2 protein chains.
Amino acid sequence: MPIKTIEWTGGADGAARLIDQTLLPTELKYLDVTDVETMWEAIKVLRVRGAPAIGIAAAFGLYLAVRNSHTVDTTNFKAEVDKAAAYLASSRPTAVNLFWALKRIQRLVDTNAGQPVPSIKEMMLAEAIAMIDEDNAVCRAIGEYGATLLVGQADSLPYRILTHCNAGGLATAQWGTALAPVYVAAEQGRHIHVYADETRPLLQGARLTAWELQQAGIPVTLITDNMAATVMSQGKVNAVIVGTDRVASNGDVANKIGTFGVAILAKEFGIPFYVAAPTSSIDMSLASGDLIPIEERKPEEVTEGFGKRTAPTGVDVYNPAFDVTPHRYVTALITEKGIVRPPFHVSLHDLFAR
Amino acid sequence: MPIKTIEWTGGADGAARLIDQTLLPTELKYLDVTDVETMWEAIKVLRVRGAPAIGIAAAFGLYLAVRNSHTVDTTNFKAEVDKAAAYLASSRPTAVNLFWALKRIQRLVDTNAGQPVPSIKEMMLAEAIAMIDEDNAVCRAIGEYGATLLVGQADSLPYRILTHCNAGGLATAQWGTALAPVYVAAEQGRHIHVYADETRPLLQGARLTAWELQQAGIPVTLITDNMAATVMSQGKVNAVIVGTDRVASNGDVANKIGTFGVAILAKEFGIPFYVAAPTSSIDMSLASGDLIPIEERKPEEVTEGFGKRTAPTGVDVYNPAFDVTPHRYVTALITEKGIVRPPFHVSLHDLFAR
């Protein structure tokens with residue numbers, strides 16, 4: 001069972017307990033966060049990362065911001081909540097899930113403006129805790145559906161999965177998206193082996209995926225990104241599973257830089273390429289992935305990636321954080337509502353029409 | 001014009017001047033090597049690297065080993081040479097070019113065993129210097145032939161080349177193999193732009209290729225290996241040129257890990273994939289690339305990139321140093337005797353039959 005990334009300890013006066021991911025993979029340290037400033041900093045410096053985990057952290061942060069407020073007037077209390085939400089939103093201004101989670105709590109406060117403040121506080125905490133339960137349910141469902149895809153290999157051999165970046169438990173409350181099928185299949189007693197791309201420039205595969213699988217006792221082999229073709233050519237990969245930041249309505253998939261290359265290699269070697277995509281990541285308002293803006297990040301991530309300068313001063317660097325894999329490379333999307341197959345412009349429409 | 005990687009200073013009592021590549025890209029320092037122990041160490045710790053450059057360095061090392069010998073008996077002198085050759089060969093036991101260069105000097109000593117020792121010493125130095133001239137001639141010819149391939153782009157736009165690892169001047173005496181066409185085309189006044197893969201795990205692209213192109217005033221953009229698909233999909237790459245460690249008689253190409261993946265991406269995007277291959281790297285005794293043994297290197301290259309641990313302790317790592325790109329992905333080989341195109345089992349046979 002994967003380790004818990006974020007949980008609530010105790011009752012109304014408890015703490016949000018986070019794994020400090022900046023210390024991984026060399027140190028496992030939990031942070032018990034009891035004030036909003038500490039949560040803001042934790043999100044800012046990536047002690048907690050991954051869209052679902054950030055959303056949950058922000059929800060707890062908002063509760064912590066007003067937990068000790070002495071305000072009794074609900075209008076004033078709502079103003080305090082809104083101010084704290086704006087503050088938390090500033091911790092990572094590009095994280096869509098952060099805003100979504102904050103708005104969800106703010107709406108709850110609005111809807112219950114007639115209630116006494118102590119009751120509203122209780123509801124805020126309950127809502128944040130509910131987000132963990134929902135995240136676990138979504139991830140478990142993705143895991144259950146995904147595990148059904150990991151077949152066709154003789155039982156005597158491990159089923160081997162290649163993944164890129166970290167869409168594991170560390171990006172969610174516990175189970176992950178791309179790694180959920182791995183955890184579920186392992187739970188079912190099946191022999192699973194994961195190849196983890198290290199995922200330059202920020203090495204989420206080496207630092208996080210390798211670590212969490214090792215912690216869970218699942219065999220994992222770390223490779224550099226440019227070894228994927230060789231590993232695939234040796235017949236060592238039965239399937240690729242990756243996560244996603246955003247899926248367009250035609251099935252185009254935005255994910256961590258390098259995903260597109262892995263998808264092309266998988267196609268070349270006839271290996272299925274699966275994307276674990278909670279329906280919350282599917283944006284039916286987007287006609288195609290071309291419309292997804294690609295964030296470019298600072299060159300130092302590439303040139304000083306290891307704490308030491310590894311490229312000449314002044315060199316031009318191109319550092320896109322994401323890429324978009326065209327839908328024709330995607331074998332299936334694994335959602336919490338089931339497996340979705342091409343043609344995606346039809347199957348995704350059907351999924352949301354249900 | 002690219003910087004000289006290795007040269008001889010002065011006459012019989014001169015020095016082998018090397019760029020200390022372990023200090024790149026942050027410091028350009030020349031080493032004037034005047035004794036065999038220093039040369040052994042320079043090869044061992046990669047102050048000099050790249051097959052042609054190592055061969056030349058070893059040849060100078062052998063001369064330096066016996067330069068001050070007082071032996072007058074040629075049999076004894078030959079024994080000294082053989083002992084020094086065995087010592088130098090131990091500096092990097094997998095470098096084929098190292099043994100080739102040492103044997104070449106040893107054969108010269110054998111052939112001229114009737115000459116007085118001082119004359120033999122002179123011949124040894126002359127032979128080592130001749131190796132530089134030969135290397136320059138081979139690389140220049142590869143450059144001239146290769147430059148003819150870099151066409152079909154409007155003159156107003158730069159011709160954009162993606163390369164992997166370092167098969168540049170720093171791997172040879174001066175001009176490089178994969179980068180020779182770039183230097184020649186730039187000399188011809190053409191606007192060339194290079195995308196350099198950083199090339200994990202040892203970052204030869206970031207540390208060496210980006211540095212030497214920057215020094216030569218050629219526009220270069222550094223990317224991580226997993227960004228190649230995105231850059232290609234954006235239409236930013238007109239051709240790929242890489243070097244090689246060994247080409248089999250069917251055209252299969254062994255080169256730095258990651259080359260195979262780049263070749264697959266190039267095929268997917270309809271981009272020509274060229275391999276700069278001096279005929280000395282073409283091994284007609286090998287029926288196919290399957291017969292080329294792939295060296296696996298220590299996991300720390302992946303897990304402790306540059307002095308800092310970036311993966312969990314005890315994690316399993318697969319770290320092949322090379323991969324083999326099947327010939328069907330190779331558009332052409334660029335040799336010093338001309339461009340060689342598929343079917344390679346015919347064209348390579350013809351090349352060597354000339």
# chains A, B, ... in the order shown; residues from 1 in each chain; ligands from 1
>>> select_by_dssp(residues="range 117-275 of chain A", states="strand (DSSP E or B)", output="PyMOL selection string")
chain A and resi 159-163+192-197+220-223+239-242+246-248+253-256+273-275
>>> closest_atom_pairs(of="chain B", to="chain A", cutoff="8 Å", atoms="only C-alpha atoms", output="CSV")
residue,atom,partner,partner_atom,distance
B:Leu24,CA,A:Pro312,CA,7.8
B:Pro25,CA,A:Pro312,CA,4.9
B:Thr26,CA,A:Pro312,CA,6.1
B:Thr199,CA,A:Asn226,CA,7.7
B:Arg200,CA,A:Thr224,CA,6.5
B:Pro201,CA,A:Thr224,CA,6.8
B:Leu203,CA,A:Thr310,CA,7.4
B:Ala206,CA,A:Ala311,CA,4.8
B:Arg207,CA,A:Ala311,CA,4.9
B:Leu208,CA,A:Ala311,CA,7.9
B:Ala210,CA,A:Pro312,CA,6.9
B:Trp211,CA,A:Pro312,CA,5.6
B:Gln214,CA,A:Val315,CA,7.3
B:Val220,CA,A:Asp316,CA,6.5
B:Thr221,CA,A:Asp316,CA,4.8
B:Leu222,CA,A:Val317,CA,4.7
B:Ile223,CA,A:Tyr318,CA,5.7
B:Thr224,CA,A:Arg200,CA,6.5
B:Asp225,CA,A:Asn226,CA,6.1
B:Asn226,CA,A:Gly258,CA,4.3
B:Met227,CA,A:Gly258,CA,5.8
B:Ala228,CA,A:Gly261,CA,7.5
B:Ala229,CA,A:Gly261,CA,5.1
B:Thr230,CA,A:Asp323,CA,6.5
B:Ile257,CA,A:Met227,CA,6.4
B:Gly258,CA,A:Asn226,CA,4.3
B:Thr259,CA,A:Asn226,CA,7.9
B:Phe260,CA,A:Ala229,CA,6.5
B:Gly261,CA,A:Ala229,CA,5.1
B:Ile264,CA,A:Leu265,CA,6.9
B:Leu265,CA,A:Ile264,CA,6.9
B:Glu268,CA,A:Ile264,CA,7.5
B:Val302,CA,A:Thr224,CA,6.9
B:Thr303,CA,A:Ala206,CA,7.6
B:Gly305,CA,A:Phe306,CA,6.7
B:Phe306,CA,A:Phe306,CA,5.8
B:Gly307,CA,A:Phe306,CA,7.6
B:Lys308,CA,A:Phe306,CA,6.6
B:Arg309,CA,A:Thr26,CA,7.5
B:Thr310,CA,A:Arg207,CA,5.6
B:Ala311,CA,A:Ala206,CA,4.8
B:Pro312,CA,A:Pro25,CA,4.9
B:Thr313,CA,A:Thr26,CA,7.4
B:Val315,CA,A:Thr221,CA,6.9
B:Asp316,CA,A:Thr221,CA,4.8
B:Val317,CA,A:Leu222,CA,4.7
B:Tyr318,CA,A:Ile223,CA,5.7
B:Asn319,CA,A:Ile223,CA,6.7
B:Pro320,CA,A:Met227,CA,7.8
B:Asp323,CA,A:Thr230,CA,6.5
>>> residues_around(residues="Asp73 in chain A", least_positions_apart="3", cutoff="12 Å", atoms="only C-alpha atoms", output="compact mmCIF listing (two decimals) with N, CA and C atoms, in the first residue's frame")
# COMPACT_ATOMS: atom_id res chain seq x y z
N SER A 69 -10.05 32.14 14.26
CA SER A 69 -10.67 33.45 14.14
C SER A 69 -11.73 33.62 15.24
N HIS A 70 -11.77 34.82 15.82
CA HIS A 70 -12.79 35.10 16.85
C HIS A 70 -14.03 35.76 16.26
N ASN A 76 -18.26 39.11 7.96
CA ASN A 76 -16.84 39.37 8.24
C ASN A 76 -16.02 38.09 8.11
N PHE A 77 -16.61 36.98 8.57
CA PHE A 77 -15.90 35.70 8.49
C PHE A 77 -15.63 35.33 7.04
N LYS A 78 -16.66 35.52 6.20
CA LYS A 78 -16.51 35.23 4.77
C LYS A 78 -15.40 36.09 4.17
N ALA A 79 -15.29 37.34 4.59
CA ALA A 79 -14.23 38.22 4.09
C ALA A 79 -12.86 37.67 4.49
N GLU A 80 -12.79 37.14 5.70
CA GLU A 80 -11.52 36.54 6.15
C GLU A 80 -11.16 35.32 5.29
N ALA A 113 -23.90 30.65 4.70
CA ALA A 113 -23.71 31.94 5.37
C ALA A 113 -24.72 32.14 6.50
N GLY A 114 -25.82 31.41 6.47
CA GLY A 114 -26.82 31.53 7.52
C GLY A 114 -26.46 30.80 8.80
N GLN A 115 -25.47 29.93 8.73
CA GLN A 115 -25.07 29.12 9.88
C GLN A 115 -24.15 29.90 10.80
N PRO A 116 -24.05 29.50 12.06
CA PRO A 116 -23.06 30.14 12.94
C PRO A 116 -21.64 29.80 12.50
N VAL A 117 -20.72 30.73 12.76
CA VAL A 117 -19.34 30.56 12.31
C VAL A 117 -18.72 29.23 12.75
N PRO A 118 -18.88 28.82 14.02
CA PRO A 118 -18.27 27.54 14.41
C PRO A 118 -18.74 26.37 13.54
N ILE A 120 -19.69 26.62 10.40
CA ILE A 120 -19.07 26.78 9.07
C ILE A 120 -17.64 26.24 9.13
>>> residues_around(residues="range 237-243 of chain B", least_positions_apart="5", cutoff="9 Å", atoms="only C-alpha atoms", output="ChimeraX atom specification")
/B:149-153,159-168,176-179,181,194-195,231-232,255-256,259,262-263,266,271-277
>>> closest_residue(among="B:Asn250, B:Pro158, B:Leu88, B:Pro2", to="Tyr183 in chain B", atoms="only C-alpha atoms")
B:Pro2
>>> closest_residue(among="A:Ser91, A:Thr22, A:Thr5, A:Thr148", to="Val36 in chain A", atoms="only C-alpha atoms")
A:Ser91
>>> residues_around(residues="range 16-19 of chain A", least_positions_apart="4", cutoff="9 Å", atoms="only C-alpha atoms", output="PyMOL selection string")
chain A and resi 4-9+23-24+28-34+39+42+47-48+57+60-61+64+170
>>> atom_distance(atom1="CA of His349 in chain A", atom2="CA of Pro326 in chain A")
17.5 Å
>>> decode(residues="range 153-165 of chain A", atoms="all heavy atoms", output="mmCIF file, in the first residue's frame")
data_model
loop_
_atom_site.group_PDB
_atom_site.id
_atom_site.type_symbol
_atom_site.label_atom_id
_atom_site.label_comp_id
_atom_site.auth_asym_id
_atom_site.auth_seq_id
_atom_site.Cartn_x
_atom_site.Cartn_y
_atom_site.Cartn_z
ATOM 1 N N GLN A 153 0.498 -11.214 -20.332
ATOM 2 C CA GLN A 153 1.867 -11.630 -20.055
ATOM 3 C C GLN A 153 1.771 -12.950 -19.285
ATOM 4 O O GLN A 153 0.899 -13.104 -18.430
ATOM 5 C CB GLN A 153 2.537 -10.539 -19.199
ATOM 6 C CG GLN A 153 3.908 -10.852 -18.710
ATOM 7 C CD GLN A 153 4.944 -10.604 -19.795
ATOM 8 O OE1 GLN A 153 4.658 -10.562 -20.981
ATOM 9 N NE2 GLN A 153 6.177 -10.465 -19.380
ATOM 10 N N ALA A 154 2.650 -13.900 -19.593
ATOM 11 C CA ALA A 154 2.646 -15.167 -18.852
ATOM 12 C C ALA A 154 2.783 -14.888 -17.351
ATOM 13 O O ALA A 154 3.525 -13.999 -16.950
ATOM 14 C CB ALA A 154 3.801 -16.041 -19.320
ATOM 15 N N ASP A 155 2.042 -15.656 -16.538
ATOM 16 C CA ASP A 155 2.034 -15.418 -15.092
ATOM 17 C C ASP A 155 3.410 -15.559 -14.461
ATOM 18 O O ASP A 155 3.688 -14.981 -13.410
ATOM 19 C CB ASP A 155 1.069 -16.393 -14.394
ATOM 20 C CG ASP A 155 -0.380 -15.943 -14.580
ATOM 21 O OD1 ASP A 155 -0.584 -14.803 -15.046
ATOM 22 O OD2 ASP A 155 -1.287 -16.731 -14.260
ATOM 23 N N SER A 156 4.268 -16.341 -15.104
ATOM 24 C CA SER A 156 5.594 -16.571 -14.528
ATOM 25 C C SER A 156 6.502 -15.353 -14.682
ATOM 26 O O SER A 156 7.521 -15.246 -14.015
ATOM 27 C CB SER A 156 6.243 -17.771 -15.214
ATOM 28 O OG SER A 156 6.318 -17.531 -16.606
ATOM 29 N N LEU A 157 6.107 -14.440 -15.570
ATOM 30 C CA LEU A 157 6.941 -13.259 -15.801
ATOM 31 C C LEU A 157 6.303 -12.042 -15.162
ATOM 32 O O LEU A 157 5.079 -11.944 -15.105
ATOM 33 C CB LEU A 157 7.076 -12.993 -17.300
ATOM 34 C CG LEU A 157 7.866 -14.025 -18.098
ATOM 35 C CD1 LEU A 157 7.723 -13.751 -19.594
ATOM 36 C CD2 LEU A 157 9.339 -13.989 -17.695
ATOM 37 N N PRO A 158 7.113 -11.097 -14.728
ATOM 38 C CA PRO A 158 6.512 -9.859 -14.228
ATOM 39 C C PRO A 158 5.881 -9.087 -15.383
ATOM 40 O O PRO A 158 6.354 -9.171 -16.520
ATOM 41 C CB PRO A 158 7.702 -9.082 -13.666
ATOM 42 C CG PRO A 158 8.897 -9.624 -14.370
ATOM 43 C CD PRO A 158 8.589 -11.058 -14.698
ATOM 44 N N TYR A 159 4.812 -8.379 -15.089
ATOM 45 C CA TYR A 159 4.244 -7.457 -16.071
ATOM 46 C C TYR A 159 4.999 -6.155 -15.906
ATOM 47 O O TYR A 159 5.061 -5.587 -14.820
ATOM 48 C CB TYR A 159 2.750 -7.265 -15.824
ATOM 49 C CG TYR A 159 2.072 -6.571 -16.976
ATOM 50 C CD1 TYR A 159 1.475 -7.299 -17.995
ATOM 51 C CD2 TYR A 159 2.068 -5.186 -17.064
ATOM 52 C CE1 TYR A 159 0.875 -6.666 -19.072
ATOM 53 C CE2 TYR A 159 1.470 -4.542 -18.135
ATOM 54 C CZ TYR A 159 0.879 -5.286 -19.138
ATOM 55 O OH TYR A 159 0.295 -4.652 -20.195
ATOM 56 N N ARG A 160 5.592 -5.666 -17.004
ATOM 57 C CA ARG A 160 6.511 -4.536 -16.893
ATOM 58 C C ARG A 160 5.941 -3.259 -17.489
ATOM 59 O O ARG A 160 5.514 -3.229 -18.637
ATOM 60 C CB ARG A 160 7.838 -4.917 -17.525
ATOM 61 C CG ARG A 160 8.549 -5.954 -16.649
ATOM 62 C CD ARG A 160 9.663 -6.653 -17.364
ATOM 63 N NE ARG A 160 9.181 -7.364 -18.528
ATOM 64 C CZ ARG A 160 9.938 -8.189 -19.253
ATOM 65 N NH1 ARG A 160 11.189 -8.394 -18.918
ATOM 66 N NH2 ARG A 160 9.443 -8.782 -20.307
ATOM 67 N N ILE A 161 5.959 -2.234 -16.658
ATOM 68 C CA ILE A 161 5.349 -0.959 -17.012
ATOM 69 C C ILE A 161 6.415 0.115 -17.017
ATOM 70 O O ILE A 161 7.242 0.179 -16.102
ATOM 71 C CB ILE A 161 4.267 -0.615 -15.967
ATOM 72 C CG1 ILE A 161 3.091 -1.560 -16.158
ATOM 73 C CG2 ILE A 161 3.823 0.846 -16.069
ATOM 74 C CD1 ILE A 161 2.196 -1.661 -14.962
ATOM 75 N N LEU A 162 6.394 0.945 -18.044
ATOM 76 C CA LEU A 162 7.273 2.113 -18.028
ATOM 77 C C LEU A 162 6.423 3.332 -17.705
ATOM 78 O O LEU A 162 5.319 3.491 -18.240
ATOM 79 C CB LEU A 162 7.979 2.276 -19.379
ATOM 80 C CG LEU A 162 9.008 3.409 -19.444
ATOM 81 C CD1 LEU A 162 10.257 2.952 -20.225
ATOM 82 C CD2 LEU A 162 8.448 4.666 -20.087
ATOM 83 N N THR A 163 6.922 4.170 -16.815
ATOM 84 C CA THR A 163 6.212 5.408 -16.517
ATOM 85 C C THR A 163 7.179 6.576 -16.575
ATOM 86 O O THR A 163 8.397 6.404 -16.529
ATOM 87 C CB THR A 163 5.464 5.340 -15.171
ATOM 88 O OG1 THR A 163 4.576 6.479 -15.078
ATOM 89 C CG2 THR A 163 6.411 5.372 -13.982
ATOM 90 N N HIS A 164 6.603 7.764 -16.708
ATOM 91 C CA HIS A 164 7.388 8.982 -16.867
ATOM 92 C C HIS A 164 6.931 9.966 -15.803
ATOM 93 O O HIS A 164 5.746 10.046 -15.505
ATOM 94 C CB HIS A 164 7.140 9.541 -18.269
ATOM 95 C CG HIS A 164 8.037 10.676 -18.655
ATOM 96 N ND1 HIS A 164 9.371 10.498 -18.960
ATOM 97 C CD2 HIS A 164 7.816 12.004 -18.776
ATOM 98 C CE1 HIS A 164 9.913 11.669 -19.257
ATOM 99 N NE2 HIS A 164 8.990 12.600 -19.152
ATOM 100 N N CYS A 165 7.847 10.703 -15.227
ATOM 101 C CA CYS A 165 7.537 11.694 -14.185
ATOM 102 C C CYS A 165 6.933 10.990 -12.972
ATOM 103 O O CYS A 165 7.155 9.793 -12.763
ATOM 104 C CB CYS A 165 6.630 12.801 -14.722
ATOM 105 S SG CYS A 165 6.599 14.262 -13.637
#
